[in-house]
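Q: final-v1.pdb is reproduced in full below (PDB, N, CA and C atoms).
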ATOM      1  N   MET P   1      13.310  -4.997   8.388
ATOM      2  CA  MET P   1      12.958  -4.058   9.425
ATOM      3  C   MET P   1      11.553  -4.393   9.927
ATOM      4  N   PRO P   2      11.376  -4.611  11.214
ATOM      5  CA  PRO P   2      10.049  -4.963  11.733
ATOM      6  C   PRO P   2       9.073  -3.799  11.674
ATOM      7  N   GLY P   3       7.800  -4.164  11.577
ATOM      8  CA  GLY P   3       6.748  -3.151  11.563
ATOM      9  C   GLY P   3       5.388  -3.796  11.589
ATOM     10  N   PRO P   4       4.358  -3.019  11.828
ATOM     11  CA  PRO P   4       2.993  -3.562  11.849
ATOM     12  C   PRO P   4       2.602  -4.110  10.482
ATOM     13  N   LEU P   5       1.829  -5.199  10.495
ATOM     14  CA  LEU P   5       1.334  -5.757   9.240
ATOM     15  C   LEU P   5       0.307  -4.803   8.643
ATOM     16  N   LEU P   6       0.438  -4.552   7.354
ATOM     17  CA  LEU P   6      -0.526  -3.717   6.642
ATOM     18  C   LEU P   6      -1.765  -4.558   6.363
ATOM     19  N   HIS P   7      -2.924  -3.961   6.454
ATOM     20  CA  HIS P   7      -4.160  -4.707   6.218
ATOM     21  C   HIS P   7      -5.068  -3.924   5.272
ATOM     22  N   VAL P   8      -6.104  -4.589   4.790
ATOM     23  CA  VAL P   8      -7.002  -4.017   3.787
ATOM     24  C   VAL P   8      -7.686  -2.744   4.289
ATOM     25  N   GLY P   9      -7.972  -2.659   5.565
ATOM     26  CA  GLY P   9      -8.669  -1.494   6.111
ATOM     27  C   GLY P   9      -7.767  -0.341   6.487
ATOM     28  N   ALA P  10      -6.466  -0.423   6.186
ATOM     29  CA  ALA P  10      -5.555   0.674   6.513
ATOM     30  C   ALA P  10      -5.956   1.929   5.740
ATOM     31  N   ILE P  11      -5.760   3.071   6.367
ATOM     32  CA  ILE P  11      -6.075   4.346   5.722
ATOM     33  C   ILE P  11      -4.764   4.973   5.272
ATOM     34  N   ALA P  12      -4.650   5.167   3.959
ATOM     35  CA  ALA P  12      -3.427   5.720   3.387
ATOM     36  C   ALA P  12      -3.761   6.606   2.196
ATOM     37  N   THR P  13      -2.856   7.535   1.912
ATOM     38  CA  THR P  13      -3.010   8.428   0.763
ATOM     39  C   THR P  13      -1.743   8.380  -0.083
ATOM     40  N   CYS P  14      -1.837   8.952  -1.262
ATOM     41  CA  CYS P  14      -0.659   9.077  -2.111
ATOM     42  C   CYS P  14       0.244  10.161  -1.512
ATOM     43  N   PRO P  15       1.486  10.311  -1.994
ATOM     44  CA  PRO P  15       2.377  11.317  -1.410
ATOM     45  C   PRO P  15       1.888  12.760  -1.599
ATOM     46  N   HIS P  16       0.965  12.969  -2.535
ATOM     47  CA  HIS P  16       0.419  14.308  -2.745
ATOM     48  C   HIS P  16      -0.703  14.623  -1.753
ATOM     49  N   GLY P  17      -1.155  13.596  -1.001
ATOM     50  CA  GLY P  17      -2.189  13.778   0.005
ATOM     51  C   GLY P  17      -3.602  13.841  -0.537
ATOM     52  N   MET P  18      -3.777  13.586  -1.830
ATOM     53  CA  MET P  18      -5.098  13.708  -2.446
ATOM     54  C   MET P  18      -5.763  12.354  -2.699
ATOM     55  N   GLY P  19      -4.998  11.383  -3.156
ATOM     56  CA  GLY P  19      -5.564  10.097  -3.551
ATOM     57  C   GLY P  19      -5.643   9.110  -2.404
ATOM     58  N   GLN P  20      -6.740   8.370  -2.322
ATOM     59  CA  GLN P  20      -6.950   7.352  -1.287
ATOM     60  C   GLN P  20      -6.485   5.994  -1.794
ATOM     61  N   LEU P  21      -5.702   5.284  -0.979
ATOM     62  CA  LEU P  21      -5.224   3.945  -1.310
ATOM     63  C   LEU P  21      -6.275   2.916  -0.948
ATOM     64  N   THR P  22      -6.525   2.003  -1.874
ATOM     65  CA  THR P  22      -7.399   0.860  -1.637
ATOM     66  C   THR P  22      -6.609  -0.398  -1.959
ATOM     67  N   ILE P  23      -6.561  -1.322  -1.014
ATOM     68  CA  ILE P  23      -5.855  -2.586  -1.236
ATOM     69  C   ILE P  23      -6.885  -3.653  -1.559
ATOM     70  N   VAL P  24      -6.721  -4.278  -2.709
ATOM     71  CA  VAL P  24      -7.605  -5.357  -3.138
ATOM     72  C   VAL P  24      -6.874  -6.660  -2.880
ATOM     73  N   SER P  25      -7.397  -7.469  -1.952
ATOM     74  CA  SER P  25      -6.714  -8.679  -1.514
ATOM     75  C   SER P  25      -7.515  -9.933  -1.829
ATOM     76  N   SER P  26      -6.804 -10.998  -2.128
ATOM     77  CA  SER P  26      -7.448 -12.298  -2.312
ATOM     78  C   SER P  26      -7.396 -13.115  -1.018
ATOM     79  N   ASN P  27      -6.709 -12.597   0.001
ATOM     80  CA  ASN P  27      -6.602 -13.270   1.288
ATOM     81  C   ASN P  27      -7.931 -13.168   2.040
ATOM     82  N   THR P  28      -8.491 -14.298   2.386
ATOM     83  CA  THR P  28      -9.720 -14.307   3.176
ATOM     84  C   THR P  28      -9.542 -15.051   4.488
ATOM     85  N   ARG P  29      -8.375 -15.602   4.710
ATOM     86  CA  ARG P  29      -8.158 -16.460   5.882
ATOM     87  C   ARG P  29      -7.463 -15.790   7.055
ATOM     88  N   VAL P  30      -6.467 -14.958   6.793
ATOM     89  CA  VAL P  30      -5.668 -14.381   7.870
ATOM     90  C   VAL P  30      -6.102 -12.936   8.090
ATOM     91  N   LEU P  31      -6.605 -12.664   9.299
ATOM     92  CA  LEU P  31      -7.136 -11.342   9.618
ATOM     93  C   LEU P  31      -6.361 -10.710  10.768
ATOM     94  N   VAL P  32      -6.251  -9.384  10.734
ATOM     95  CA  VAL P  32      -5.756  -8.599  11.868
ATOM     96  C   VAL P  32      -6.740  -7.462  12.063
ATOM     97  N   GLY P  33      -7.203  -7.282  13.260
ATOM     98  CA  GLY P  33      -8.195  -6.244  13.515
ATOM     99  C   GLY P  33      -9.466  -6.446  12.706
ATOM    100  N   GLY P  34      -9.768  -7.701  12.370
ATOM    101  CA  GLY P  34     -10.969  -8.009  11.610
ATOM    102  C   GLY P  34     -10.852  -7.765  10.108
ATOM    103  N   GLN P  35      -9.672  -7.387   9.640
ATOM    104  CA  GLN P  35      -9.448  -7.098   8.219
ATOM    105  C   GLN P  35      -8.394  -8.056   7.660
ATOM    106  N   PRO P  36      -8.503  -8.434   6.374
ATOM    107  CA  PRO P  36      -7.491  -9.306   5.773
ATOM    108  C   PRO P  36      -6.117  -8.639   5.737
ATOM    109  N   VAL P  37      -5.078  -9.432   5.993
ATOM    110  CA  VAL P  37      -3.699  -8.958   5.908
ATOM    111  C   VAL P  37      -3.351  -8.758   4.439
ATOM    112  N   ALA P  38      -2.693  -7.653   4.121
ATOM    113  CA  ALA P  38      -2.261  -7.374   2.751
ATOM    114  C   ALA P  38      -0.979  -8.149   2.446
ATOM    115  N   THR P  39      -0.871  -8.652   1.228
ATOM    116  CA  THR P  39       0.308  -9.418   0.811
ATOM    117  C   THR P  39       0.905  -8.814  -0.455
ATOM    118  N   ALA P  40       2.095  -9.294  -0.806
ATOM    119  CA  ALA P  40       2.784  -8.812  -2.006
ATOM    120  C   ALA P  40       2.015  -9.151  -3.273
ATOM    121  N   ALA P  41       1.115 -10.127  -3.218
ATOM    122  CA  ALA P  41       0.320 -10.504  -4.392
ATOM    123  C   ALA P  41      -0.896  -9.601  -4.583
ATOM    124  N   ASP P  42      -1.171  -8.727  -3.626
ATOM    125  CA  ASP P  42      -2.354  -7.868  -3.687
ATOM    126  C   ASP P  42      -2.120  -6.636  -4.555
ATOM    127  N   THR P  43      -3.217  -6.044  -4.995
ATOM    128  CA  THR P  43      -3.170  -4.847  -5.823
ATOM    129  C   THR P  43      -3.449  -3.623  -4.978
ATOM    130  N   GLY P  44      -2.625  -2.609  -5.138
ATOM    131  CA  GLY P  44      -2.850  -1.330  -4.474
ATOM    132  C   GLY P  44      -3.286  -0.310  -5.505
ATOM    133  N   MET P  45      -4.497   0.207  -5.358
ATOM    134  CA  MET P  45      -5.028   1.184  -6.314
ATOM    135  C   MET P  45      -5.249   2.518  -5.612
ATOM    136  N   ILE P  46      -5.014   3.605  -6.339
ATOM    137  CA  ILE P  46      -5.204   4.939  -5.783
ATOM    138  C   ILE P  46      -6.246   5.672  -6.617
ATOM    139  N   ALA P  47      -7.212   6.266  -5.928
ATOM    140  CA  ALA P  47      -8.270   7.027  -6.608
ATOM    141  C   ALA P  47      -8.335   8.426  -6.014
ATOM    142  N   GLY P  48      -8.533   9.404  -6.855
ATOM    143  CA  GLY P  48      -8.744  10.768  -6.387
ATOM    144  C   GLY P  48      -7.528  11.662  -6.403
ATOM    145  N   CYS P  49      -6.385  11.201  -6.883
ATOM    146  CA  CYS P  49      -5.204  12.066  -6.960
ATOM    147  C   CYS P  49      -5.359  12.993  -8.158
ATOM    148  N   ALA P  50      -5.134  14.262  -7.938
ATOM    149  CA  ALA P  50      -5.295  15.251  -9.004
ATOM    150  C   ALA P  50      -3.974  15.940  -9.336
ATOM    151  N   PHE P  51      -2.856  15.272  -9.095
ATOM    152  CA  PHE P  51      -1.544  15.873  -9.335
ATOM    153  C   PHE P  51      -1.330  16.146 -10.822
ATOM    154  N   THR P  52      -0.777  17.316 -11.126
ATOM    155  CA  THR P  52      -0.413  17.660 -12.503
ATOM    156  C   THR P  52       1.027  18.164 -12.518
ATOM    157  N   LEU P  53       1.720  17.908 -13.615
ATOM    158  CA  LEU P  53       3.087  18.384 -13.781
ATOM    159  C   LEU P  53       3.076  19.897 -13.994
ATOM    160  N   PRO P  54       4.203  20.577 -13.768
ATOM    161  CA  PRO P  54       4.245  22.026 -13.957
ATOM    162  C   PRO P  54       3.792  22.493 -15.346
ATOM    163  N   GLY P  55       3.961  21.676 -16.377
ATOM    164  CA  GLY P  55       3.518  22.040 -17.719
ATOM    165  C   GLY P  55       2.023  21.904 -17.921
ATOM    166  N   GLY P  56       1.313  21.368 -16.931
ATOM    167  CA  GLY P  56      -0.131  21.218 -17.017
ATOM    168  C   GLY P  56      -0.605  19.828 -17.371
ATOM    169  N   LYS P  57       0.343  18.882 -17.607
ATOM    170  CA  LYS P  57      -0.056  17.519 -17.943
ATOM    171  C   LYS P  57      -0.489  16.785 -16.673
ATOM    172  N   PRO P  58      -1.704  16.215 -16.659
ATOM    173  CA  PRO P  58      -2.136  15.439 -15.491
ATOM    174  C   PRO P  58      -1.268  14.193 -15.313
ATOM    175  N   GLN P  59      -0.825  13.953 -14.090
ATOM    176  CA  GLN P  59      -0.007  12.779 -13.782
ATOM    177  C   GLN P  59      -0.436  12.219 -12.422
ATOM    178  N   PRO P  60      -1.722  11.843 -12.275
ATOM    179  CA  PRO P  60      -2.208  11.382 -10.963
ATOM    180  C   PRO P  60      -1.644  10.011 -10.604
ATOM    181  N   CYS P  61      -1.518   9.777  -9.318
ATOM    182  CA  CYS P  61      -1.111   8.457  -8.831
ATOM    183  C   CYS P  61      -2.233   7.475  -9.153
ATOM    184  N   ALA P  62      -1.866   6.264  -9.578
ATOM    185  CA  ALA P  62      -2.872   5.274  -9.966
ATOM    186  C   ALA P  62      -2.711   3.948  -9.239
ATOM    187  N   THR P  63      -1.472   3.514  -9.029
ATOM    188  CA  THR P  63      -1.223   2.219  -8.391
ATOM    189  C   THR P  63      -0.085   2.330  -7.384
ATOM    190  N   VAL P  64       0.091   1.258  -6.617
ATOM    191  CA  VAL P  64       1.212   1.165  -5.679
ATOM    192  C   VAL P  64       1.995  -0.099  -6.005
ATOM    193  N   ARG P  65       3.311   0.034  -6.063
ATOM    194  CA  ARG P  65       4.192  -1.120  -6.244
ATOM    195  C   ARG P  65       4.781  -1.457  -4.874
ATOM    196  N   TRP P  66       4.613  -2.710  -4.469
ATOM    197  CA  TRP P  66       5.130  -3.163  -3.177
ATOM    198  C   TRP P  66       6.585  -3.583  -3.397
ATOM    199  N   LEU P  67       7.538  -2.813  -2.897
ATOM    200  CA  LEU P  67       8.944  -3.054  -3.191
ATOM    201  C   LEU P  67       9.604  -4.078  -2.271
ATOM    202  N   MET P  68       9.281  -4.056  -0.981
ATOM    203  CA  MET P  68       9.951  -4.963  -0.055
ATOM    204  C   MET P  68       8.969  -5.481   0.985
ATOM    205  N   PRO P  69       8.377  -6.651   0.736
ATOM    206  CA  PRO P  69       7.457  -7.221   1.721
ATOM    207  C   PRO P  69       8.229  -7.837   2.890
ATOM    208  N   ALA P  70       7.498  -8.399   3.826
ATOM    209  CA  ALA P  70       8.112  -9.042   4.992
ATOM    210  C   ALA P  70       8.983 -10.211   4.550
ATOM    211  N   ALA P  71      10.093 -10.397   5.240
ATOM    212  CA  ALA P  71      11.018 -11.483   4.915
ATOM    213  C   ALA P  71      10.664 -12.770   5.649
ATOM    214  N   ARG P  72       9.951 -12.652   6.773
ATOM    215  CA  ARG P  72       9.716 -13.828   7.603
ATOM    216  C   ARG P  72       8.252 -14.184   7.799
ATOM    217  N   VAL P  73       7.336 -13.379   7.286
ATOM    218  CA  VAL P  73       5.909 -13.631   7.478
ATOM    219  C   VAL P  73       5.245 -13.817   6.119
ATOM    220  N   THR P  74       4.582 -14.963   5.950
ATOM    221  CA  THR P  74       3.836 -15.195   4.711
ATOM    222  C   THR P  74       2.373 -15.465   5.045
ATOM    223  N   VAL P  75       1.518 -15.132   4.105
ATOM    224  CA  VAL P  75       0.084 -15.368   4.230
ATOM    225  C   VAL P  75      -0.337 -16.119   2.981
ATOM    226  N   MET P  76      -0.757 -17.359   3.160
ATOM    227  CA  MET P  76      -1.166 -18.206   2.049
ATOM    228  C   MET P  76      -0.076 -18.275   0.971
ATOM    229  N   GLY P  77       1.189 -18.340   1.400
ATOM    230  CA  GLY P  77       2.315 -18.484   0.493
ATOM    231  C   GLY P  77       2.881 -17.194  -0.065
ATOM    232  N   SER P  78       2.282 -16.057   0.228
ATOM    233  CA  SER P  78       2.764 -14.777  -0.285
ATOM    234  C   SER P  78       3.270 -13.931   0.883
ATOM    235  N   PRO P  79       4.384 -13.222   0.718
ATOM    236  CA  PRO P  79       4.902 -12.391   1.806
ATOM    237  C   PRO P  79       3.914 -11.304   2.212
ATOM    238  N   ALA P  80       3.778 -11.111   3.515
ATOM    239  CA  ALA P  80       2.904 -10.051   4.034
ATOM    240  C   ALA P  80       3.553  -8.690   3.806
ATOM    241  N   LEU P  81       2.727  -7.645   3.795
ATOM    242  CA  LEU P  81       3.238  -6.282   3.653
ATOM    243  C   LEU P  81       3.344  -5.625   5.018
ATOM    244  N   LEU P  82       4.413  -4.862   5.202
ATOM    245  CA  LEU P  82       4.636  -4.152   6.458
ATOM    246  C   LEU P  82       4.342  -2.669   6.272
ATOM    247  N   GLN P  83       3.916  -2.028   7.346
ATOM    248  CA  GLN P  83       3.516  -0.622   7.286
ATOM    249  C   GLN P  83       4.672   0.315   6.964
ATOM    250  N   PRO P  84       5.854   0.203   7.532
ATOM    251  CA  PRO P  84       6.881   1.174   7.107
ATOM    252  C   PRO P  84       7.656   0.712   5.890
ATOM    253  N   GLY P  85       7.105  -0.245   5.141
ATOM    254  CA  GLY P  85       7.820  -0.796   3.991
ATOM    255  C   GLY P  85       8.070   0.233   2.907
ATOM    256  N   PRO P  86       9.111   0.025   2.117
ATOM    257  CA  PRO P  86       9.370   0.939   1.010
ATOM    258  C   PRO P  86       8.449   0.624  -0.166
ATOM    259  N   HIS P  87       7.274   1.202  -0.175
ATOM    260  CA  HIS P  87       6.321   1.015  -1.257
ATOM    261  C   HIS P  87       6.355   2.275  -2.123
ATOM    262  N   LEU P  88       5.890   2.191  -3.354
ATOM    263  CA  LEU P  88       6.028   3.301  -4.282
ATOM    264  C   LEU P  88       4.747   3.532  -5.070
ATOM    265  N   CYS P  89       4.237   4.763  -5.036
ATOM    266  CA  CYS P  89       3.069   5.148  -5.840
ATOM    267  C   CYS P  89       3.526   5.457  -7.258
ATOM    268  N   LEU P  90       2.733   4.991  -8.226
ATOM    269  CA  LEU P  90       3.056   5.188  -9.634
ATOM    270  C   LEU P  90       1.880   5.807 -10.368
ATOM    271  N   SER P  91       2.188   6.601 -11.388
ATOM    272  CA  SER P  91       1.138   7.139 -12.250
ATOM    273  C   SER P  91       0.757   6.068 -13.271
ATOM    274  N   ALA P  92      -0.221   6.355 -14.104
ATOM    275  CA  ALA P  92      -0.626   5.408 -15.142
ATOM    276  C   ALA P  92       0.500   5.175 -16.142
ATOM    277  N   ASP P  93       1.405   6.148 -16.288
ATOM    278  CA  ASP P  93       2.568   6.012 -17.173
ATOM    279  C   ASP P  93       3.747   5.350 -16.472
ATOM    280  N   GLN P  94       3.537   4.842 -15.256
ATOM    281  CA  GLN P  94       4.554   4.180 -14.433
ATOM    282  C   GLN P  94       5.660   5.131 -13.977
ATOM    283  N   ILE P  95       5.328   6.406 -13.809
ATOM    284  CA  ILE P  95       6.277   7.382 -13.289
ATOM    285  C   ILE P  95       6.153   7.396 -11.767
ATOM    286  N   PRO P  96       7.266   7.162 -11.045
ATOM    287  CA  PRO P  96       7.195   7.125  -9.583
ATOM    288  C   PRO P  96       6.899   8.490  -8.979
ATOM    289  N   ALA P  97       6.085   8.487  -7.925
ATOM    290  CA  ALA P  97       5.711   9.726  -7.251
ATOM    291  C   ALA P  97       6.203   9.766  -5.807
ATOM    292  N   GLY P  98       6.496   8.627  -5.222
ATOM    293  CA  GLY P  98       6.936   8.583  -3.834
ATOM    294  C   GLY P  98       6.147   7.540  -3.062
ATOM    295  N   PRO P  99       6.458   7.380  -1.787
ATOM    296  CA  PRO P  99       5.784   6.360  -0.987
ATOM    297  C   PRO P  99       4.395   6.803  -0.535
ATOM    298  N   PRO P 100       3.472   5.839  -0.381
ATOM    299  CA  PRO P 100       2.163   6.195   0.174
ATOM    300  C   PRO P 100       2.314   6.588   1.643
ATOM    301  N   ILE P 101       1.434   7.444   2.101
ATOM    302  CA  ILE P 101       1.449   7.897   3.490
ATOM    303  C   ILE P 101       0.364   7.137   4.244
ATOM    304  N   VAL P 102       0.784   6.256   5.152
ATOM    305  CA  VAL P 102      -0.158   5.449   5.920
ATOM    306  C   VAL P 102      -0.505   6.209   7.191
ATOM    307  N   ALA P 103      -1.781   6.555   7.338
ATOM    308  CA  ALA P 103      -2.239   7.309   8.501
ATOM    309  C   ALA P 103      -2.730   6.402   9.612
ATOM    310  N   VAL P 104      -3.448   5.323   9.254
ATOM    311  CA  VAL P 104      -4.004   4.401  10.253
ATOM    312  C   VAL P 104      -3.725   2.983   9.814
ATOM    313  N   CYS P 105      -3.102   2.221  10.730
ATOM    314  CA  CYS P 105      -2.829   0.800  10.504
ATOM    315  C   CYS P 105      -2.942   0.106  11.849
ATOM    316  N   GLN P 106      -3.304  -1.157  11.840
ATOM    317  CA  GLN P 106      -3.452  -1.878  13.102
ATOM    318  C   GLN P 106      -2.084  -1.918  13.820
ATOM    319  N   PRO P 107      -2.039  -1.716  15.130
ATOM    320  CA  PRO P 107      -0.775  -1.651  15.852
ATOM    321  C   PRO P 107      -0.365  -2.938  16.574
ATOM    322  N   ARG P 108      -1.208  -3.956  16.579
ATOM    323  CA  ARG P 108      -0.968  -5.108  17.449
ATOM    324  C   ARG P 108      -0.032  -6.170  16.887
ATOM    325  N   VAL P 109      -0.149  -6.479  15.607
ATOM    326  CA  VAL P 109       0.644  -7.585  15.034
ATOM    327  C   VAL P 109       1.828  -7.020  14.278
ATOM    328  N   ILE P 110       3.022  -7.414  14.740
ATOM    329  CA  ILE P 110       4.269  -6.917  14.154
ATOM    330  C   ILE P 110       4.906  -8.063  13.367
ATOM    331  N   GLY P 111       5.425  -7.739  12.195
ATOM    332  CA  GLY P 111       6.119  -8.727  11.368
ATOM    333  C   GLY P 111       7.503  -8.236  11.032
ATOM    334  N   GLN P 112       8.266  -9.143  10.415
ATOM    335  CA  GLN P 112       9.622  -8.774  10.004
ATOM    336  C   GLN P 112       9.919  -9.336   8.646
TER     337      GLN P 112
END
Show how you would write the structure in this file as structure tokens.

A:
Amino acid sequence: MPGPLLHVGAIATCPHGMGQLTIVSSNTRVLVGGQPVATAADTGMIAGCAFTLPGGKPQPCATVRWLMPAARVTVMGSPALLQPGPHLCLSADQIPAGPPIVAVCQPRVIGQ
């Protein structure tokens, strides 16, 4: 499914709306909007989520798993990430919480 390429400067939160997504990329060559393009090899970290289970156990979002990167676009040998991609936020115990909510992403470069 085509969509805008996700980049390091994209603004996104966890599904609870509390935690901020930060993409740590090793890509320094391919830029969109002046920011490195995010790839499947990159790490997605979430900070600031304060979600707790109904029993009171803290279960904040900690990382993002990139489930389906672009099929036709690669950056330095790794598939690029697309903005409407099915990505999944996980707690430190690897419990899925849902997809990250991307609020701002560059609109010019579309991948598939």

Q: So, with all atoms listed in the file as the atoms that count, which of P:Ala41, P:Ala62, P:Met18, P:Val30 lies closest to Asp93 in chain P?

A: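 Among the listed residues, P:Ala62 lies closest to Asp93 in chain P.
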
Q: Please extract the residues of chain P with a backbone DSSP assignment of strand (DSSP E) and present them as a ChimeraX atom specification.

A: /P:3-4,11-13,20-24,31-32,35-36,43-47,61-66,74-75,78-79,87-91,96-98,101-104,110-111

Q: Need to verify the contact set: Gln106 in chain P, 6.5 Å, all atoms listed in the file, exclusion of same-chain residues closer than 3 positions in sequence. Can you return it as a list of chain:residue names?

A: P:Pro4, P:Leu5, P:Leu6, P:His7, P:Ala10, P:Gly33, P:Val109

Q: Which residues come within 5 Å of range 88-92 of chain P, counting all atoms listed in the file, excluding same-chain residues fewer than 5 positions away, as a JSON list (two decimals) with N, CA and C atoms, in the frame of the given file?

A:
[["chain", "number", "residue", "atom", "x", "y", "z"],
["P", 60, "PRO", "N", -1.72, 11.84, -12.28],
["P", 60, "PRO", "CA", -2.21, 11.38, -10.96],
["P", 60, "PRO", "C", -1.64, 10.01, -10.60],
["P", 61, "CYS", "N", -1.52, 9.78, -9.32],
["P", 61, "CYS", "CA", -1.11, 8.46, -8.83],
["P", 61, "CYS", "C", -2.23, 7.48, -9.15],
["P", 62, "ALA", "N", -1.87, 6.26, -9.58],
["P", 62, "ALA", "CA", -2.87, 5.27, -9.97],
["P", 62, "ALA", "C", -2.71, 3.95, -9.24],
["P", 63, "THR", "N", -1.47, 3.51, -9.03],
["P", 63, "THR", "CA", -1.22, 2.22, -8.39],
["P", 63, "THR", "C", -0.08, 2.33, -7.38],
["P", 64, "VAL", "N", 0.09, 1.26, -6.62],
["P", 64, "VAL", "CA", 1.21, 1.16, -5.68],
["P", 64, "VAL", "C", 2.00, -0.10, -6.00],
["P", 65, "ARG", "N", 3.31, 0.03, -6.06],
["P", 65, "ARG", "CA", 4.19, -1.12, -6.24],
["P", 65, "ARG", "C", 4.78, -1.46, -4.87],
["P", 97, "ALA", "N", 6.08, 8.49, -7.92],
["P", 97, "ALA", "CA", 5.71, 9.73, -7.25],
["P", 97, "ALA", "C", 6.20, 9.77, -5.81],
["P", 98, "GLY", "N", 6.50, 8.63, -5.22],
["P", 98, "GLY", "CA", 6.94, 8.58, -3.83],
["P", 98, "GLY", "C", 6.15, 7.54, -3.06],
["P", 99, "PRO", "N", 6.46, 7.38, -1.79],
["P", 99, "PRO", "CA", 5.78, 6.36, -0.99],
["P", 99, "PRO", "C", 4.39, 6.80, -0.54],
["P", 100, "PRO", "N", 3.47, 5.84, -0.38],
["P", 100, "PRO", "CA", 2.16, 6.20, 0.17],
["P", 100, "PRO", "C", 2.31, 6.59, 1.64]]

Q: Quick one: pull the distance between atom N of Gly19 in chain P and atom N of Val75 in chain P, Å, one decimal.

A: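 Taking atom N of Gly19 in chain P as the start and atom N of Val75 in chain P as the end point, the length is 28.3 Å.
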
Q: Counting all atoms listed in the file, which residues come within 5 Å of (-4.8, 4.1, -4.8), with the point read in the file's coordinates, and could you list them as a list in words?

A: Gln20, Leu21, Thr22, Gly44, Met45, Ile46, Ala47 and Ala62 of chain P

Q: From the options P:Ala50, P:Val73, P:Leu81, P:Leu67, which residue's atoms come nearest to His16 in chain P, counting all atoms listed in the file?

A: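 Using all atoms listed in the file, His16 in chain P sits closest to P:Ala50.
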
Q: Determine the nearest neighbour of Cys49 in chain P from the options P:Gln94, P:Gln112, P:Thr13, P:Asn27, counting only C-alpha atoms.

A: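 Among the listed residues, the smallest separation from Cys49 in chain P belongs to P:Thr13.
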
Q: Restricting the calculation to only C-alpha atoms, which member of P:Pro79, P:Gly55, P:Pro96, P:Pro36 is positioned closest to Cys14 in chain P?

A: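 So, comparing all the options, the nearest one is P:Pro96.
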
Q: To one decimal in Å, tell me the separation between atom N of Ala40 in chain P and atom N of Thr74 in chain P.

A: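 Distance between the two atoms: 9.2 Å.
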
Q: If you measure from atom C of Ile110 in chain P to CA of Pro2 in chain P, what distance in Å do you get, rounded to one decimal?

A: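 Interatomic distance, atom C of Ile110 in chain P to CA of Pro2 in chain P: 6.2 Å.
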
Q: From the list P:Ile11, P:Met68, P:Met1, P:Val104, which residue is nearest Ile23 in chain P when using only C-alpha atoms?

A: P:Ile11

Q: May I have the centre and edge lengths, in Å to one decimal, of an axis-aligned box around the listed atoms of range 67-81 of chain P with 6 Å added to every side, as JSON?

A:
{"center_x": 4.9, "center_y": -10.6, "center_z": 2.3, "size_x": 24.2, "size_y": 27.7, "size_z": 23.0}
